[in-house]
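Q: Here it is, the structure in full.
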Amino acid sequence: MERRPFIAGNWKMYLTLGEAVQLAQAVAATSAACMDRDVMVAPSFTSLAAICAATQGSNLLVGAQNIAWESEGAFTGEISAPMLKDLGVEWAIVGHSERRHIFGENNAMVNRRLHGALNGSIQPILCVGETLADREAGNTFTVLENQVREGLAAVTGQQMARVTLAYEPVWAIGTGKTASKEQAQEVHAFLRQLLANLYEKNIAEAVRILYGGSVKPDNIDDLMAQPDIDGALVGGAALKAESFDRIARFT
Ligand code: 13P
């Protein structure tokens, strides 16, 4: 099964509007040069409209960093699928470890957000990942299995065609300590087998599983050479046009 490579930048809470538009234009040029892979940026909500406008007609994908589960209502601080679609946004990250660990989002909330995306025709990228304490206690696979099972609750096999998974070990995010290619591949293979158990083998084979956590120009090639690593979700190194360009052009 050929899975189209997918390189995504999560800009987190960085860049003002002008900086964000400038970087997005540079990434759109990268994306235009990489027709055999998907390239996405996930800027802050305040930059989404301008970036969609500035990169319209390019093949750059634009995603939000989170999404509400309802389409409208009294949900102060939330942004819904119809609001994102209105701008031209087609993607949303859900369950990022910073949402889980800093803002207390649990698997049930992440699952609701995922459905909010799917119901609103936004393609979700579901993030999962163990903490260092989980890993040292030997709980990595149990934690990941719970995050996947509960995060994907009531998601149909047909809907899975629109879901991307991202494995982001919490201990590797922003630490400069990337998972080794063997560690990452081991988890990606585990996640794919889990999807095969939950759905069907052909569905599991088609789902793209991205790796995130200190992805840099000097480790992307080794990571992408692993059979079950289909792309990367990049934080810090996505904030500079040159480093993200090199990552997107992995060989
Ligand atoms: P870093 O690449 O900065 O480690 O961040 C990874 C991440 O959280 C992407 O979503």
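We label chains A, B, ... in the order they appear in the structure tokens, count residues from 1 in each chain, and number ligands from 1 in the order shown.
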Step by step, measure atom-to-atom distances between ligand 1 and each residue using only C-alpha atoms and all ligand atoms, keep those at most 9 Å, then write them as a PyMOL selection string.
A: chain A and resi 8-12+65+93+96-98+127+166+168-178+211-216+232-238
Q: Just the alpha helix (DSSP H) stuff from stretch 26-189 of chain A, please, per backbone DSSP, written as number ranges by chain.
A: A: 26-32, 45-54, 81-87, 97-101, 107-119, 132-136, 140-151, 157-160, 181-189
Q: List as a PDB file with N, CA and C atoms, in the first residue's frame the protein and nucleic acid residues near A:Ala68, meaning an atom at most 8 Å away when only C-alpha atoms are counted, but skip any in the same chain fewer than 3 places from it.
A:
ATOM      1  N   SER A  71     -21.033  22.857  16.321  1.00  0.00           N
ATOM      2  CA  SER A  71     -20.831  23.753  15.184  1.00  0.00           C
ATOM      3  C   SER A  71     -21.044  25.220  15.567  1.00  0.00           C
ATOM      4  N   GLU A  78     -13.880  28.874  21.788  1.00  0.00           N
ATOM      5  CA  GLU A  78     -13.788  27.733  20.861  1.00  0.00           C
ATOM      6  C   GLU A  78     -14.025  28.177  19.410  1.00  0.00           C
ATOM      7  N   ILE A  79     -13.513  27.396  18.478  1.00  0.00           N
ATOM      8  CA  ILE A  79     -13.641  27.659  17.037  1.00  0.00           C
ATOM      9  C   ILE A  79     -14.197  26.385  16.390  1.00  0.00           C
ATOM     10  N   SER A  80     -15.251  26.532  15.597  1.00  0.00           N
ATOM     11  CA  SER A  80     -15.941  25.343  15.079  1.00  0.00           C
ATOM     12  C   SER A  80     -15.574  25.011  13.632  1.00  0.00           C
ATOM     13  N   ALA A  81     -15.984  23.815  13.220  1.00  0.00           N
ATOM     14  CA  ALA A  81     -15.727  23.364  11.847  1.00  0.00           C
ATOM     15  C   ALA A  81     -16.312  24.323  10.799  1.00  0.00           C
ATOM     16  N   ARG A 113     -14.072  16.166  19.824  1.00  0.00           N
ATOM     17  CA  ARG A 113     -13.491  17.112  18.850  1.00  0.00           C
ATOM     18  C   ARG A 113     -13.288  16.428  17.495  1.00  0.00           C
ATOM     19  N   GLY A 116     -16.432  16.310  15.843  1.00  0.00           N
ATOM     20  CA  GLY A 116     -16.768  17.675  15.398  1.00  0.00           C
ATOM     21  C   GLY A 116     -16.110  17.976  14.066  1.00  0.00           C
ATOM     22  N   ALA A 117     -14.874  17.529  13.931  1.00  0.00           N
ATOM     23  CA  ALA A 117     -14.159  17.725  12.669  1.00  0.00           C
ATOM     24  C   ALA A 117     -14.811  16.907  11.556  1.00  0.00           C
TER      25      ALA A 117
END
Q: Got a sec: who's within 12 Å of A:Arg149, counting only C-alpha atoms, leaving out chain neighbours fewer than 2 positions off, as a list in words?
A: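 That gives Asn107, Ala108, Val110, Asn111, Leu126, Val128, Phe141, Thr142, Val143, Leu144, Glu145, Asn146, Gln147, Gly151, Leu152, Ala153, Ala154, Val155, Leu191, Leu194, Leu195, Asn197, Leu198 and Tyr199 of chain A.
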Q: How would the residues just picked look written out with N, CA and C atoms as a CSV table (one decimal), in the first residue's frame?
A:
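Everything below was put into out_29.csv:
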chain,number,residue,atom,x,y,z
A,107,ASN,N,-9.3,11.9,26.8
A,107,ASN,CA,-9.7,11.1,25.6
A,107,ASN,C,-11.1,11.3,25.1
A,108,ALA,N,-12.0,11.5,26.1
A,108,ALA,CA,-13.4,11.7,25.7
A,108,ALA,C,-13.6,13.0,25.0
A,110,VAL,N,-11.3,14.7,23.4
A,110,VAL,CA,-10.5,14.5,22.1
A,110,VAL,C,-11.4,13.8,21.1
A,111,ASN,N,-12.1,12.8,21.5
A,111,ASN,CA,-13.0,12.0,20.7
A,111,ASN,C,-14.2,12.9,20.2
A,126,LEU,N,-5.3,13.0,14.6
A,126,LEU,CA,-5.4,12.6,16.0
A,126,LEU,C,-4.0,12.4,16.6
A,128,VAL,N,-1.4,11.1,19.5
A,128,VAL,CA,-1.3,10.3,20.7
A,128,VAL,C,0.1,10.2,21.1
A,141,PHE,N,2.5,1.1,25.6
A,141,PHE,CA,1.5,0.5,24.6
A,141,PHE,C,0.1,0.5,25.2
A,142,THR,N,0.0,0.4,26.5
A,142,THR,CA,-1.3,0.5,27.2
A,142,THR,C,-1.9,1.9,27.0
A,143,VAL,N,-1.0,2.9,27.3
A,143,VAL,CA,-1.5,4.3,27.2
A,143,VAL,C,-1.9,4.6,25.8
A,144,LEU,N,-1.1,4.2,24.8
A,144,LEU,CA,-1.4,4.5,23.4
A,144,LEU,C,-2.6,3.8,23.0
A,145,GLU,N,-2.8,2.5,23.4
A,145,GLU,CA,-4.0,1.8,23.0
A,145,GLU,C,-5.3,2.5,23.5
A,146,ASN,N,-5.2,3.0,24.8
A,146,ASN,CA,-6.4,3.7,25.3
A,146,ASN,C,-6.6,5.0,24.6
A,147,GLN,N,-5.6,5.7,24.2
A,147,GLN,CA,-5.7,7.0,23.5
A,147,GLN,C,-6.4,6.7,22.1
A,151,GLY,N,-10.1,7.7,21.6
A,151,GLY,CA,-10.0,8.8,20.7
A,151,GLY,C,-10.8,8.5,19.4
A,152,LEU,N,-10.9,7.3,19.0
A,152,LEU,CA,-11.6,6.9,17.8
A,152,LEU,C,-12.9,6.2,18.1
A,153,ALA,N,-13.4,6.3,19.3
A,153,ALA,CA,-14.7,5.7,19.6
A,153,ALA,C,-15.8,6.2,18.6
A,154,ALA,N,-16.6,5.3,18.2
A,154,ALA,CA,-17.7,5.5,17.2
A,154,ALA,C,-17.3,6.1,15.9
A,155,VAL,N,-16.0,6.0,15.6
A,155,VAL,CA,-15.6,6.4,14.2
A,155,VAL,C,-15.7,5.2,13.3
A,191,LEU,N,0.7,0.8,16.3
A,191,LEU,CA,-0.6,1.5,16.0
A,191,LEU,C,-1.3,1.0,14.8
A,194,LEU,N,-3.0,-2.2,15.7
A,194,LEU,CA,-4.2,-1.8,16.5
A,194,LEU,C,-5.4,-1.4,15.6
A,195,LEU,N,-5.1,-0.6,14.6
A,195,LEU,CA,-6.1,-0.1,13.7
A,195,LEU,C,-6.6,-1.3,12.9
A,197,ASN,N,-6.9,-4.3,14.1
A,197,ASN,CA,-7.8,-5.0,15.0
A,197,ASN,C,-9.1,-4.3,15.1
A,198,LEU,N,-9.1,-3.0,15.2
A,198,LEU,CA,-10.3,-2.2,15.4
A,198,LEU,C,-11.1,-2.1,14.1
A,199,TYR,N,-10.5,-2.1,13.0
A,199,TYR,CA,-11.2,-1.9,11.7
A,199,TYR,C,-10.8,-3.1,10.8
Q: Excluding A:Arg208 and its own-chain neighbours fewer than 2 positions away, which residues fall within 12 Å of it when counting only C-alpha atoms? Please give them as JSON, numbers by chain.
A: {"A": [1, 2, 3, 4, 5, 6, 7, 37, 38, 124, 125, 126, 160, 161, 162, 163, 164, 165, 166, 167, 188, 189, 191, 192, 195, 203, 204, 205, 206, 210, 211, 227, 228, 229, 230, 231, 232, 233]}
Q: Skipping near chain neighbours, those fewer than 6 positions away, what residues fall within 12 Å of A:Asp86 using only C-alpha atoms, listed as a compact mmCIF listing (two decimals) with C-alpha atoms, in the first residue's frame?
A:
# COMPACT_ATOMS: atom_id res chain seq x y z
CA LEU A 48 -5.71 31.28 9.43
CA ALA A 49 -7.85 33.65 7.36
CA CYS A 52 -5.76 30.87 3.42
CA ALA A 53 -6.15 34.04 1.35
CA ILE A 79 -13.64 27.66 17.04
CA SER A 80 -15.94 25.34 15.08
CA GLY A 120 -17.99 19.33 9.65
CA SER A 121 -15.95 17.89 6.74
CA ILE A 122 -12.62 18.77 8.33
Q: Can you tell me, as a PyMOL selection string, what residues are no more than 10 Å from A:Ala33 when counting only C-alpha atoms, ignoring any on the same chain fewer than 2 positions away?
A: chain A and resi 27-31+35-37+59+245+248-249
Q: Please produce a file of the residues just selected, as a compact mmCIF listing (two decimals), in the first residue's frame, where the atoms kept are all heavy atoms.
A:
# COMPACT_ATOMS: atom_id res chain seq x y z
N VAL A 27 6.53 28.51 2.65
CA VAL A 27 6.20 27.08 2.70
C VAL A 27 5.37 26.68 1.47
O VAL A 27 5.49 25.57 0.95
CB VAL A 27 5.47 26.71 4.01
CG1 VAL A 27 5.10 25.23 4.03
CG2 VAL A 27 6.34 27.03 5.22
N ALA A 28 4.55 27.62 0.98
CA ALA A 28 3.77 27.32 -0.24
C ALA A 28 4.71 27.08 -1.43
O ALA A 28 4.45 26.23 -2.28
CB ALA A 28 2.79 28.45 -0.54
N ALA A 29 5.82 27.80 -1.45
CA ALA A 29 6.81 27.59 -2.52
C ALA A 29 7.44 26.20 -2.37
O ALA A 29 7.63 25.48 -3.36
CB ALA A 29 7.88 28.67 -2.49
N THR A 30 7.74 25.81 -1.15
CA THR A 30 8.25 24.46 -0.88
C THR A 30 7.24 23.43 -1.35
O THR A 30 7.57 22.46 -2.04
CB THR A 30 8.49 24.27 0.64
OG1 THR A 30 9.57 25.10 1.04
CG2 THR A 30 8.82 22.83 0.97
N SER A 31 6.00 23.66 -0.97
CA SER A 31 4.94 22.72 -1.30
C SER A 31 4.78 22.56 -2.81
O SER A 31 4.58 21.44 -3.32
CB SER A 31 3.64 23.23 -0.65
OG SER A 31 2.59 22.40 -0.96
N MET A 35 5.42 17.89 -5.25
CA MET A 35 4.09 17.49 -5.71
C MET A 35 3.73 16.05 -5.31
O MET A 35 2.57 15.66 -5.37
CB MET A 35 3.99 17.63 -7.23
CG MET A 35 4.18 19.05 -7.73
SD MET A 35 3.00 20.23 -6.99
CE MET A 35 1.54 19.85 -7.95
N ASP A 36 4.72 15.26 -4.92
CA ASP A 36 4.44 13.86 -4.58
C ASP A 36 4.16 13.67 -3.09
O ASP A 36 4.14 12.55 -2.60
CB ASP A 36 5.63 12.98 -4.98
CG ASP A 36 6.89 13.38 -4.25
OD1 ASP A 36 6.98 14.52 -3.75
OD2 ASP A 36 7.82 12.54 -4.18
N ARG A 37 3.98 14.76 -2.36
CA ARG A 37 3.72 14.64 -0.92
C ARG A 37 2.81 15.79 -0.48
O ARG A 37 2.73 16.81 -1.15
CB ARG A 37 5.04 14.66 -0.14
CG ARG A 37 5.93 15.83 -0.49
CD ARG A 37 7.38 15.59 -0.08
NE ARG A 37 8.03 14.59 -0.93
CZ ARG A 37 9.31 14.21 -0.80
NH1 ARG A 37 10.06 14.71 0.13
NH2 ARG A 37 9.82 13.31 -1.61
N ASN A 59 -0.84 24.44 -3.56
CA ASN A 59 -1.21 23.11 -3.04
C ASN A 59 -0.88 22.97 -1.55
O ASN A 59 -0.92 21.88 -1.01
CB ASN A 59 -0.56 21.99 -3.87
CG ASN A 59 0.95 22.03 -3.77
OD1 ASN A 59 1.53 23.04 -3.39
ND2 ASN A 59 1.60 20.93 -4.11
N ASP A 245 11.72 23.51 4.93
CA ASP A 245 11.90 23.17 3.51
C ASP A 245 12.73 21.88 3.40
O ASP A 245 12.37 20.95 2.66
CB ASP A 245 12.61 24.31 2.78
CG ASP A 245 12.84 24.00 1.31
OD1 ASP A 245 11.88 24.19 0.52
OD2 ASP A 245 13.94 23.53 0.97
N ALA A 248 10.59 18.93 4.49
CA ALA A 248 9.59 18.57 3.47
C ALA A 248 10.23 17.87 2.28
O ALA A 248 9.60 17.06 1.61
CB ALA A 248 8.83 19.81 3.02
N ARG A 249 11.48 18.20 2.03
CA ARG A 249 12.19 17.58 0.88
C ARG A 249 12.99 16.35 1.30
O ARG A 249 13.98 16.01 0.65
CB ARG A 249 13.16 18.60 0.25
CG ARG A 249 12.47 19.76 -0.45
CD ARG A 249 13.53 20.73 -0.96
NE ARG A 249 12.97 22.03 -1.29
CZ ARG A 249 12.72 22.43 -2.54
NH1 ARG A 249 12.95 21.63 -3.55
NH2 ARG A 249 12.21 23.63 -2.75
Q: Distance atom CA of A:Asp222-atom CA of A:Phe250, one decimal place?
A: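 Spanning atom CA of A:Asp222 to atom CA of A:Phe250 is a straight-line distance of 9.1 Å.
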Q: Can you measure atom CA of A:Ser180 to atom CA of A:Pro217 for me? One decimal in Å is fine.
A: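 A separation of 14.5 Å between them.
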Q: Using only C-alpha atoms, pick whichever of A:Gln226, A:Ser243, A:Ser44, A:Thr251 has the shortest atom-to-atom distance to A:Ile209.
A: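 Among A:Gln226, A:Ser243, A:Ser44, A:Thr251, it is A:Gln226 that comes nearest to A:Ile209.
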